[in-house]
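Remarks on the structure that follows.
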Amino acid sequence: MTKEDDEKRSEEEASEEDEPETASAEEETDADETEGADDAGDDDAGDDDAGDDDDDASDGNSDDDDADDDDASDGDSGDDDSGEPAASAKEDDASAKKKTAKKSTTKKSSKASAGGSKKKKRKKTAGEPKKKTAKPVQPARKEPEENSTPMIIGAVIVAAVAVVGLWWWNNRDAGAEELTTLDTEEATEETPTAAADPASPSNPFGLPQREEPAGIPAPPDVAAPPENAQRTESGLASRVLEAGDGAEHPTANARVTVHYTGWTTDGEMFDSSQRRGRPATFPLNGVIPGWTEGVQLMVTGEKRRFWIPENLAYAGRPGAPQGMLVFDVELLEFEELPPPPEAPSDVAAPPANAQRTESGLASRVLERGTGSEHPEATNVVRVHYTGWTTDGEMFDSSVTRGEPVTFPLNRVIPGWTEGVQLMVVGEKRRLWIPEDLAYQGRPGAPAGMLVFDVELLEILEAPPGMPGMPPGHPGGGGGSPH
């Protein structure tokens, strides 16, 4: 009976469900308890421990069997002696169980100290209620705080750029405004300083806004020349505002540098080098007739007001100021240029020995060149030239300006694009360009067949994005730059 009781007790202990425990030190099983706790995370280790228990139990049972056998060999008459061997066997079994519990506890302690990662279990004795263990409270996860520093820095940069942009916009013409006051006998008005404006979509920061200058005020006699004005036979009227310090007058062939402002007779300003902040330089024979005649009356340093009738101004040219025009002009300096070339004797029509192309262009070599290559339409050329109408009137000349002209060959009139490609560097050639290869009746440009003497000085490669040519050249409409 003792052996059966021990086996039954072992089976009950093995069938008990193990309860998981956390690895914390507070929930570990006391070493003083006789029931050792097996390692819950390692099933193989649990099996080995169970095997050790079985071995110990079997050893105990063997001892009991031997004792029982010995008792049985003494005979059946020993009823009183059979109790002492049974008690001794129970004491041996209890001693073996204690050893097993100590061994299991030692194994569990070593595993917990080595890794601490395996769950722990302990065997409960029969009838012991299950011990409820509190689940560890996990600390609340703290969400990372959003870093707003880059956004603040970005907003500050945007605001700074906006402020600088508004300041630049309000002061972009400040340098030019310092030169917009003419030293005339009439006082000019000052531009008032604007007060701070309230914030608006166009002015989000409420910064002071500078008003756009309305232009240089017109003189009080802008509507008509006064009685004391000087008049010429052509109808030009003028009055000296400030005497100059020079002694010589420029000729029509001079290149002059001036400051000027122009108004219509209703007082509206339409052009001003003063407002742009830089003087203008041009050949005197390349502007409207009233300028060519009037500036020749002046000396260096002189300031003069002109009333130019329409026939000496733009003569109804579309897009140009209409009617009588009033100019205040200051002659800063001038330079006499070589006299204009005389019109050629064959200006009226190409001679019989002229070369002709299928387009109708006629030309004749005046002086052979030293080069061997011809320019292409995409090249940039540097030339000297003079142009006449077929009645012998010169309308444009780089020779009289004293400066050669450089321009893309494919941005001039078709007769030039075709004709200059026939030339080599150093060559001089005369071109007779029919109207359909010239300005084709463009308003303000010379009309009819045109005659050009051209000298090719240099062939260049066209840089990217080269702008078009200004007025006064074979591609810009000819005539006056004003």
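The chains in the structure tokens are called A, B, ... from first to last as shown; in each chain the residues are counted from 1, and the ligands are counted from 1 in the order shown.
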Neighbours of region 437-446 of chain A within 8 Å (only C-alpha atoms; same-chain residues fewer than 3 positions away dropped), as JSON, numbers by chain? {"A": [317, 318, 361, 389, 395, 413, 414, 415, 433, 434, 449, 450, 477, 478, 479]}
Do a neighbour search on Ala377 (chain A) at 12 Å with only C-alpha atoms, toss out local chain neighbours closer than 2 positions, and write the hits as a PyMOL selection string. chain A and resi 374-375+379-381+407-422+459-462
Show me a table, sorted first by chain and then by increasing residue number, of the residues of region 322-419 of chain A having an atom at most 12 Å from region 289-292 of chain A, each with its shortest atom pair and the distance in Å to one decimal, counting only C-alpha atoms and written as a Markdown table.
```
| residue | atom | partner | partner_atom | distance |
| --- | --- | --- | --- | --- |
| A:Met324 | CA | A:Gly290 | CA | 10.6 |
| A:Leu325 | CA | A:Gly290 | CA | 9.6 |
| A:Val326 | CA | A:Gly290 | CA | 10.4 |
| A:Phe327 | CA | A:Trp291 | CA | 9.2 |
| A:Asp328 | CA | A:Trp291 | CA | 11.1 |
| A:Val329 | CA | A:Trp291 | CA | 9.5 |
| A:Leu331 | CA | A:Trp291 | CA | 11.7 |
```
Shell around Glu233 (chain A) at 12 Å using only C-alpha atoms, local window under 4 positions removed, as a ChimeraX atom specification: /A:237,290,293-294,312
Which residues are close to region 240-244 of chain A, i.e. within 8 Å by only C-alpha atoms, leaving aside same-chain residues fewer than 2 positions away? Reply as a PyMOL selection string. chain A and resi 184-185+238+246+298-305
Using only all heavy atoms, please write the residues we just selected to a file, as a PDB file, in the first residue's frame.
```
ATOM      1  N   THR A 184      15.695 124.325 -63.854  1.00  0.00           N
ATOM      2  CA  THR A 184      15.037 125.356 -64.660  1.00  0.00           C
ATOM      3  C   THR A 184      14.653 126.508 -63.769  1.00  0.00           C
ATOM      4  O   THR A 184      14.786 126.463 -62.535  1.00  0.00           O
ATOM      5  CB  THR A 184      13.793 124.775 -65.329  1.00  0.00           C
ATOM      6  OG1 THR A 184      12.883 124.366 -64.314  1.00  0.00           O
ATOM      7  CG2 THR A 184      14.145 123.582 -66.191  1.00  0.00           C
ATOM      8  N   GLU A 185      14.146 127.591 -64.384  1.00  0.00           N
ATOM      9  CA  GLU A 185      13.755 128.746 -63.597  1.00  0.00           C
ATOM     10  C   GLU A 185      12.445 128.507 -62.861  1.00  0.00           C
ATOM     11  O   GLU A 185      12.054 129.286 -62.003  1.00  0.00           O
ATOM     12  CB  GLU A 185      13.614 129.981 -64.501  1.00  0.00           C
ATOM     13  CG  GLU A 185      12.695 129.762 -65.697  1.00  0.00           C
ATOM     14  CD  GLU A 185      12.765 130.899 -66.699  1.00  0.00           C
ATOM     15  OE1 GLU A 185      13.727 131.690 -66.601  1.00  0.00           O
ATOM     16  OE2 GLU A 185      11.884 131.001 -67.537  1.00  0.00           O
ATOM     17  N   SER A 238      12.185 128.382 -79.614  1.00  0.00           N
ATOM     18  CA  SER A 238      13.035 127.959 -78.494  1.00  0.00           C
ATOM     19  C   SER A 238      13.295 129.122 -77.560  1.00  0.00           C
ATOM     20  O   SER A 238      13.132 130.289 -77.936  1.00  0.00           O
ATOM     21  CB  SER A 238      14.357 127.379 -79.004  1.00  0.00           C
ATOM     22  OG  SER A 238      15.129 128.379 -79.634  1.00  0.00           O
ATOM     23  N   GLY A 246      30.228 126.879 -73.263  1.00  0.00           N
ATOM     24  CA  GLY A 246      30.980 126.566 -74.475  1.00  0.00           C
ATOM     25  C   GLY A 246      30.965 127.721 -75.462  1.00  0.00           C
ATOM     26  O   GLY A 246      30.220 128.686 -75.302  1.00  0.00           O
ATOM     27  N   MET A 298      22.719 125.440 -79.870  1.00  0.00           N
ATOM     28  CA  MET A 298      23.197 125.424 -78.492  1.00  0.00           C
ATOM     29  C   MET A 298      24.721 125.319 -78.415  1.00  0.00           C
ATOM     30  O   MET A 298      25.387 124.979 -79.400  1.00  0.00           O
ATOM     31  CB  MET A 298      22.572 124.234 -77.740  1.00  0.00           C
ATOM     32  CG  MET A 298      21.059 124.213 -77.729  1.00  0.00           C
ATOM     33  SD  MET A 298      20.366 122.736 -76.932  1.00  0.00           S
ATOM     34  CE  MET A 298      20.908 122.980 -75.239  1.00  0.00           C
ATOM     35  N   VAL A 299      25.235 125.590 -77.210  1.00  0.00           N
ATOM     36  CA  VAL A 299      26.643 125.365 -76.892  1.00  0.00           C
ATOM     37  C   VAL A 299      26.692 124.448 -75.679  1.00  0.00           C
ATOM     38  O   VAL A 299      25.693 124.248 -74.978  1.00  0.00           O
ATOM     39  CB  VAL A 299      27.392 126.685 -76.605  1.00  0.00           C
ATOM     40  CG1 VAL A 299      27.443 127.561 -77.860  1.00  0.00           C
ATOM     41  CG2 VAL A 299      26.761 127.425 -75.425  1.00  0.00           C
ATOM     42  N   THR A 300      27.882 123.905 -75.403  1.00  0.00           N
ATOM     43  CA  THR A 300      28.038 122.972 -74.285  1.00  0.00           C
ATOM     44  C   THR A 300      27.653 123.648 -72.964  1.00  0.00           C
ATOM     45  O   THR A 300      28.064 124.770 -72.689  1.00  0.00           O
ATOM     46  CB  THR A 300      29.484 122.466 -74.213  1.00  0.00           C
ATOM     47  OG1 THR A 300      29.833 121.852 -75.438  1.00  0.00           O
ATOM     48  CG2 THR A 300      29.658 121.467 -73.083  1.00  0.00           C
ATOM     49  N   GLY A 301      26.877 122.929 -72.156  1.00  0.00           N
ATOM     50  CA  GLY A 301      26.446 123.440 -70.857  1.00  0.00           C
ATOM     51  C   GLY A 301      25.139 124.212 -70.915  1.00  0.00           C
ATOM     52  O   GLY A 301      24.572 124.543 -69.866  1.00  0.00           O
ATOM     53  N   GLU A 302      24.617 124.480 -72.098  1.00  0.00           N
ATOM     54  CA  GLU A 302      23.386 125.268 -72.232  1.00  0.00           C
ATOM     55  C   GLU A 302      22.149 124.395 -72.022  1.00  0.00           C
ATOM     56  O   GLU A 302      22.131 123.215 -72.380  1.00  0.00           O
ATOM     57  CB  GLU A 302      23.334 125.894 -73.632  1.00  0.00           C
ATOM     58  CG  GLU A 302      22.110 126.756 -73.882  1.00  0.00           C
ATOM     59  CD  GLU A 302      22.109 127.351 -75.277  1.00  0.00           C
ATOM     60  OE1 GLU A 302      23.212 127.710 -75.762  1.00  0.00           O
ATOM     61  OE2 GLU A 302      21.023 127.435 -75.897  1.00  0.00           O
ATOM     62  N   LYS A 303      21.107 125.030 -71.434  1.00  0.00           N
ATOM     63  CA  LYS A 303      19.796 124.402 -71.303  1.00  0.00           C
ATOM     64  C   LYS A 303      18.797 125.246 -72.091  1.00  0.00           C
ATOM     65  O   LYS A 303      18.738 126.461 -71.916  1.00  0.00           O
ATOM     66  CB  LYS A 303      19.370 124.298 -69.842  1.00  0.00           C
ATOM     67  CG  LYS A 303      20.246 123.380 -69.001  1.00  0.00           C
ATOM     68  CD  LYS A 303      19.769 123.331 -67.558  1.00  0.00           C
ATOM     69  CE  LYS A 303      20.664 122.425 -66.730  1.00  0.00           C
ATOM     70  NZ  LYS A 303      20.229 122.362 -65.303  1.00  0.00           N
ATOM     71  N   ARG A 304      18.002 124.578 -72.907  1.00  0.00           N
ATOM     72  CA  ARG A 304      17.075 125.288 -73.807  1.00  0.00           C
ATOM     73  C   ARG A 304      15.769 124.514 -73.914  1.00  0.00           C
ATOM     74  O   ARG A 304      15.759 123.282 -73.888  1.00  0.00           O
ATOM     75  CB  ARG A 304      17.706 125.460 -75.191  1.00  0.00           C
ATOM     76  CG  ARG A 304      16.903 126.306 -76.151  1.00  0.00           C
ATOM     77  CD  ARG A 304      17.620 126.389 -77.498  1.00  0.00           C
ATOM     78  NE  ARG A 304      18.779 127.258 -77.456  1.00  0.00           N
ATOM     79  CZ  ARG A 304      18.839 128.459 -78.054  1.00  0.00           C
ATOM     80  NH1 ARG A 304      17.789 128.926 -78.727  1.00  0.00           N
ATOM     81  NH2 ARG A 304      19.945 129.172 -78.003  1.00  0.00           N
ATOM     82  N   ARG A 305      14.681 125.286 -74.031  1.00  0.00           N
ATOM     83  CA  ARG A 305      13.356 124.687 -74.234  1.00  0.00           C
ATOM     84  C   ARG A 305      12.946 124.892 -75.690  1.00  0.00           C
ATOM     85  O   ARG A 305      13.046 125.994 -76.222  1.00  0.00           O
ATOM     86  CB  ARG A 305      12.334 125.329 -73.293  1.00  0.00           C
ATOM     87  CG  ARG A 305      10.929 124.746 -73.418  1.00  0.00           C
ATOM     88  CD  ARG A 305      10.046 125.227 -72.280  1.00  0.00           C
ATOM     89  NE  ARG A 305      10.553 124.748 -71.021  1.00  0.00           N
ATOM     90  CZ  ARG A 305      10.466 125.422 -69.864  1.00  0.00           C
ATOM     91  NH1 ARG A 305       9.872 126.597 -69.820  1.00  0.00           N
ATOM     92  NH2 ARG A 305      10.977 124.909 -68.764  1.00  0.00           N
TER      93      ARG A 305
END
```
Skip Pro250 (chain A) itself and residues of its chain fewer than 3 positions away, then list as a PyMOL selection string all residues within 9 Å of it, counting only C-alpha atoms. chain A and resi 253-256+284+295-300+334-336
Using DSSP secondary structure from the backbone, list all alpha helix (DSSP H) positions within region 213-373 of chain A, as a list in words.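 Everything in region 213-373 of chain A that counts as alpha helix (DSSP H) is Ser273, Gln274, Arg275, Arg276, Pro289, Gly290, Trp291, Thr292, Glu293, Gly294 and Val295 of chain A.
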